[in-house]
>>> print(open('input-v8.txt').read())   # compact mmCIF, C-alpha atoms
# COMPACT_ATOMS: atom_id res chain seq x y z
CA MET A 1 -61.14 -62.28 98.59
CA SER A 2 -58.74 -60.08 96.67
CA PHE A 3 -58.48 -59.74 92.91
CA PHE A 4 -55.32 -61.86 92.97
CA GLU A 5 -56.87 -64.64 95.04
CA ASN A 6 -60.03 -64.63 92.97
CA CYS A 7 -58.25 -64.88 89.64
CA PHE A 8 -55.06 -66.79 90.19
CA THR A 9 -55.15 -69.29 93.03
CA ASP A 10 -56.18 -72.88 92.65
CA THR A 11 -54.79 -76.36 93.02
CA GLN A 12 -52.57 -78.38 90.78
CA GLN A 13 -51.95 -82.07 90.27
CA CYS A 14 -49.57 -84.35 88.40
CA SER A 15 -50.26 -84.06 84.66
CA GLU A 16 -50.35 -87.87 84.44
CA PRO A 17 -51.62 -88.60 87.95
CA CYS A 18 -49.26 -90.94 89.72
CA CYS A 19 -51.23 -90.40 92.95
CA GLN A 20 -54.50 -88.91 94.19
CA GLU A 21 -52.97 -85.70 95.58
CA THR A 22 -53.48 -82.04 94.81
CA TYR A 23 -51.27 -79.13 95.80
CA ASP A 24 -52.08 -75.52 96.58
CA ASN A 25 -50.34 -73.25 94.10
CA ASP A 26 -50.87 -69.86 95.77
CA LYS A 27 -47.21 -69.35 96.68
CA LEU A 28 -45.99 -70.55 93.28
CA ILE A 29 -48.40 -68.32 91.34
CA ARG A 30 -47.33 -65.34 93.45
CA GLN A 31 -43.69 -66.08 92.60
CA MET A 32 -44.54 -66.35 88.89
CA VAL A 33 -46.46 -63.05 88.88
CA GLU A 34 -43.67 -61.26 90.75
CA ALA A 35 -41.03 -62.77 88.41
CA GLN A 36 -42.82 -61.06 85.52
CA GLY A 37 -42.37 -57.70 87.24
CA TYR A 38 -45.66 -57.15 89.01
CA ILE A 39 -46.02 -56.14 92.63
CA ILE A 40 -48.82 -57.77 94.59
CA ALA A 41 -50.25 -55.31 97.10
CA PRO A 42 -51.46 -56.49 100.54
CA ASP A 43 -55.05 -56.29 99.24
CA GLY A 44 -54.10 -58.55 96.31
CA GLN A 45 -54.17 -55.87 93.63
CA LEU A 46 -51.49 -56.09 90.96
CA THR A 47 -49.42 -53.02 90.16
CA VAL A 48 -46.56 -52.37 87.79
CA PRO A 49 -43.67 -50.31 89.14
CA GLU A 50 -42.86 -47.18 87.17
CA ASN A 51 -40.42 -47.73 84.27
CA THR A 52 -40.87 -51.50 84.45
CA ILE A 53 -41.14 -53.59 81.32
CA LEU A 54 -43.15 -56.67 82.18
CA LYS A 55 -41.75 -60.04 81.20
CA THR A 56 -43.96 -62.38 79.19
CA TYR A 57 -42.33 -65.52 80.56
CA ILE A 58 -41.49 -67.06 83.88
CA PRO A 59 -38.17 -68.56 84.92
CA SER A 60 -37.97 -72.27 84.09
CA GLU A 61 -37.20 -73.10 87.72
CA LEU A 62 -40.73 -71.97 88.60
CA VAL A 63 -42.37 -74.52 86.29
CA PRO A 64 -43.90 -76.98 88.78
CA HIS A 65 -43.15 -80.70 88.73
CA CYS A 66 -44.74 -83.56 90.64
CA PRO A 67 -42.85 -84.25 93.87
CA HIS A 68 -43.45 -88.01 93.38
CA CYS A 69 -42.63 -88.74 89.73
CA GLY A 70 -41.15 -85.47 88.39
CA ARG A 71 -43.71 -85.01 85.58
CA PRO A 72 -45.01 -81.49 84.92
CA MET A 73 -47.93 -80.37 87.06
CA SER A 74 -51.28 -79.28 85.60
CA MET A 75 -54.33 -77.52 86.97
CA ASN A 76 -56.76 -79.68 88.93
CA LEU A 77 -59.70 -79.25 86.54
CA ARG A 78 -62.35 -81.79 85.63
CA ALA A 79 -61.55 -81.67 81.93
CA ASP A 80 -60.71 -85.32 81.21
CA ASP A 81 -60.03 -88.65 82.89
CA THR A 82 -56.94 -87.35 84.71
CA PHE A 83 -58.91 -85.32 87.29
CA VAL A 84 -57.66 -86.06 90.81
CA GLU A 85 -60.18 -86.37 93.64
CA ASP A 86 -58.10 -86.14 96.80
CA VAL A 87 -59.18 -86.15 100.46
CA GLY A 88 -59.97 -82.42 100.31
CA TRP A 89 -62.21 -82.92 97.28
CA HIS A 90 -64.10 -85.76 98.97
CA THR A 91 -64.49 -83.71 102.18
CA ALA A 92 -65.96 -80.81 100.21
CA ALA A 93 -68.25 -83.17 98.26
CA ASP A 94 -69.52 -84.64 101.52
CA ARG A 95 -70.23 -81.15 102.93
CA TYR A 96 -72.12 -80.26 99.74
CA SER A 97 -74.20 -83.46 99.88
CA GLU A 98 -75.01 -82.83 103.54
CA PHE A 99 -76.04 -79.23 102.76
CA LEU A 100 -78.40 -80.45 100.03
CA ARG A 101 -79.84 -83.13 102.33
CA ARG A 102 -80.50 -80.60 105.14
CA HIS A 103 -82.21 -78.16 102.76
CA GLU A 104 -84.22 -80.62 100.67
CA GLY A 105 -87.68 -79.19 99.96
CA GLN A 106 -86.84 -75.83 101.56
CA ARG A 107 -86.57 -72.47 99.86
CA ILE A 108 -83.22 -72.49 98.10
CA LEU A 109 -81.48 -70.51 95.38
CA PHE A 110 -79.28 -72.37 92.91
CA LEU A 111 -76.94 -69.64 91.66
CA GLU A 112 -74.85 -70.63 88.67
CA LEU A 113 -72.10 -68.22 87.69
CA GLY A 114 -70.28 -68.76 84.42
CA VAL A 115 -70.88 -72.49 84.09
CA GLY A 116 -70.75 -73.57 80.49
CA TYR A 117 -71.02 -76.92 78.80
CA ASN A 118 -67.51 -78.23 79.50
CA THR A 119 -68.73 -80.42 82.38
CA PRO A 120 -72.48 -79.73 82.81
CA VAL A 121 -73.04 -82.89 84.86
CA ILE A 122 -71.19 -81.33 87.81
CA ILE A 123 -73.25 -78.15 88.35
CA LYS A 124 -75.67 -77.24 85.56
CA TYR A 125 -77.70 -80.46 85.19
CA PRO A 126 -77.94 -81.18 88.94
CA PHE A 127 -79.13 -77.60 89.58
CA TRP A 128 -81.82 -78.05 86.90
CA ARG A 129 -82.92 -81.41 88.38
CA MET A 130 -83.05 -80.09 91.95
CA THR A 131 -85.01 -77.01 90.86
CA ALA A 132 -87.50 -79.18 88.97
CA LYS A 133 -88.01 -81.45 92.03
CA ASN A 134 -88.47 -78.60 94.52
CA PRO A 135 -91.28 -76.05 94.00
CA ASN A 136 -89.54 -73.84 96.60
CA ALA A 137 -86.29 -73.72 94.62
CA PHE A 138 -85.20 -70.98 92.26
CA TYR A 139 -82.45 -71.21 89.62
CA VAL A 140 -80.40 -68.21 88.47
CA CYS A 141 -77.79 -68.44 85.73
CA ILE A 142 -75.46 -65.60 84.81
CA ASN A 143 -73.34 -66.40 81.79
CA GLN A 144 -72.36 -64.42 78.75
CA GLY A 145 -73.60 -66.50 75.83
CA GLN A 146 -74.58 -69.70 77.66
CA SER A 147 -77.33 -68.68 80.06
CA VAL A 148 -80.15 -71.15 79.52
CA CYS A 149 -82.56 -73.41 81.37
CA PRO A 150 -84.98 -76.14 80.31
CA PRO A 151 -88.64 -75.22 79.71
CA GLU A 152 -89.69 -77.31 82.73
CA ILE A 153 -88.15 -74.81 85.15
CA GLU A 154 -88.60 -71.52 83.27
CA ARG A 155 -91.14 -70.26 85.85
CA GLN A 156 -88.57 -70.88 88.62
CA SER A 157 -85.62 -69.38 86.76
CA VAL A 158 -83.85 -66.24 85.67
CA CYS A 159 -81.23 -66.50 82.94
CA ILE A 160 -79.03 -63.45 82.50
CA HIS A 161 -76.93 -63.18 79.33
CA ALA A 162 -74.22 -60.80 80.53
CA ASP A 163 -70.72 -60.45 81.90
CA ILE A 164 -70.67 -61.65 85.52
CA GLY A 165 -68.35 -58.86 86.62
CA ALA A 166 -70.68 -56.20 85.20
CA ILE A 167 -73.71 -57.75 86.90
CA ILE A 168 -71.98 -58.01 90.27
CA ALA A 169 -70.77 -54.40 89.97
CA GLN A 170 -74.42 -53.33 89.57
CA LEU A 171 -75.51 -55.08 92.78
>>> encode(input="input-v8.txt", output="structure tokens")
Amino acid sequence: MSFFENCFTDTQQCSEPCCQETYDNDKLIRQMVEAQGYIIAPDGQLTVPENTILKTYIPSELVPHCPHCGRPMSMNLRADDTFVEDVGWHTAADRYSEFLRRHEGQRILFLELGVGYNTPVIIKYPFWRMTAKNPNAFYVCINQGQSVCPPEIERQSVCIHADIGAIIAQL
């Protein structure tokens, strides 16, 4: 995965969900980045052409709107009660549940990268519960400022208070 793909691609949804659909925004984000003056290399790296002054705005025609109701689009993030769970989300959730079922009781590493307390019930708390239930499980959390675990799983855990990028660069 390139720098561009890692940092900028995601899905979007209607800001006031009129339907349970999400939309890939890769093409749109690429257009926005290029409209600011960047060049996206084939490997996804961003470069600035010589003598280019980058724009700090995007053209209004690139602001996305819902194809159904015309409202502005927003990122598909579980931040409030407007989060959309479309068919793709449910398919991924089913694959995850099946993975956990197949590996129940086996040696497993729960690796948590940068998960804070915005929505801990999605990743953090389930990882803690599954580690506590499985003596063969190990929990690793890398997070600058929010790397913690409950005392019950301390012997099965490593909490690293550092920048994820710096840690991965050391591997």
>>> residues_around(input="input-v8.txt", residues="A:Cys149", least_positions_apart="3", cutoff="8 Å", atoms="all atoms listed in the file", output="list of chain:residue names")
A:Trp128, A:Ile153, A:Glu154, A:Ser157, A:Cys159
>>> residues_near_point(input="input-v8.txt", point="(-88.1, -71.7, 81.2)", cutoff="12 Å", atoms="only C-alpha atoms", output="PyMOL selection string")
chain A and resi 128+131-132+138-141+147-159
>>> axis_aligned_box(input="input-v8.txt", around="stretch 55-63 of chain A", padding_each_side="5 Å", output="JSON")
{"center_x": -40.6, "center_y": -67.3, "center_z": 83.9, "size_x": 16.8, "size_y": 24.5, "size_z": 19.4}
>>> atom_distance(input="input-v8.txt", atom1="atom CA of A:Met75", atom2="atom CA of A:Ser60")
17.4 Å
>>> closest_residue(input="input-v8.txt", among="A:Trp89, A:Tyr96, A:Phe83, A:Tyr57", to="A:Cys19", atoms="only C-alpha atoms")
A:Phe83
>>> closest_residue(input="input-v8.txt", among="A:Gln31, A:Ser15, A:Gln144, A:Thr91", to="A:Gly116", atoms="only C-alpha atoms")
A:Gln144
>>> residues_around(input="input-v8.txt", residues="A:Thr22", least_positions_apart="6", cutoff="10 Å", atoms="all atoms listed in the file", output="VMD selection string")
chain A and resid 10 to 14 66 73 to 76 83 to 89
>>> atom_distance(input="input-v8.txt", atom1="atom CA of A:Leu28", atom2="atom CA of A:Val63")
8.8 Å
>>> closest_residue(input="input-v8.txt", among="A:Thr56, A:Ile123, A:His103, A:Pro135", to="A:Arg78", atoms="all atoms listed in the file")
A:Ile123
>>> residues_around(input="input-v8.txt", residues="A:Glu34", least_positions_apart="4", cutoff="12 Å", atoms="all atoms listed in the file", output="list in words")
Phe4, Lys27, Leu28, Ile29, Arg30, Tyr38, Ile39, Ile40, Ala41, Leu46, Thr47, Val48, Pro49, Thr52, Leu54, Lys55, Thr56, Tyr57, Ile58, Pro59 and Leu62 of chain A
>>> atom_distance(input="input-v8.txt", atom1="atom CA of A:Glu61", atom2="atom CA of A:Glu16")
20.0 Å
>>> closest_residue(input="input-v8.txt", among="A:Ile122, A:Cys18, A:Ala166, A:Met32", to="A:Thr82", atoms="only C-alpha atoms")
A:Cys18
>>> closest_residue(input="input-v8.txt", among="A:Ala137, A:Ala92, A:Tyr125, A:Asp26", to="A:Leu109", atoms="all atoms listed in the file")
A:Ala137
>>> closest_residue(input="input-v8.txt", among="A:Val121, A:Ile53, A:Ala169, A:Glu21", to="A:Ala35", atoms="all atoms listed in the file")
A:Ile53
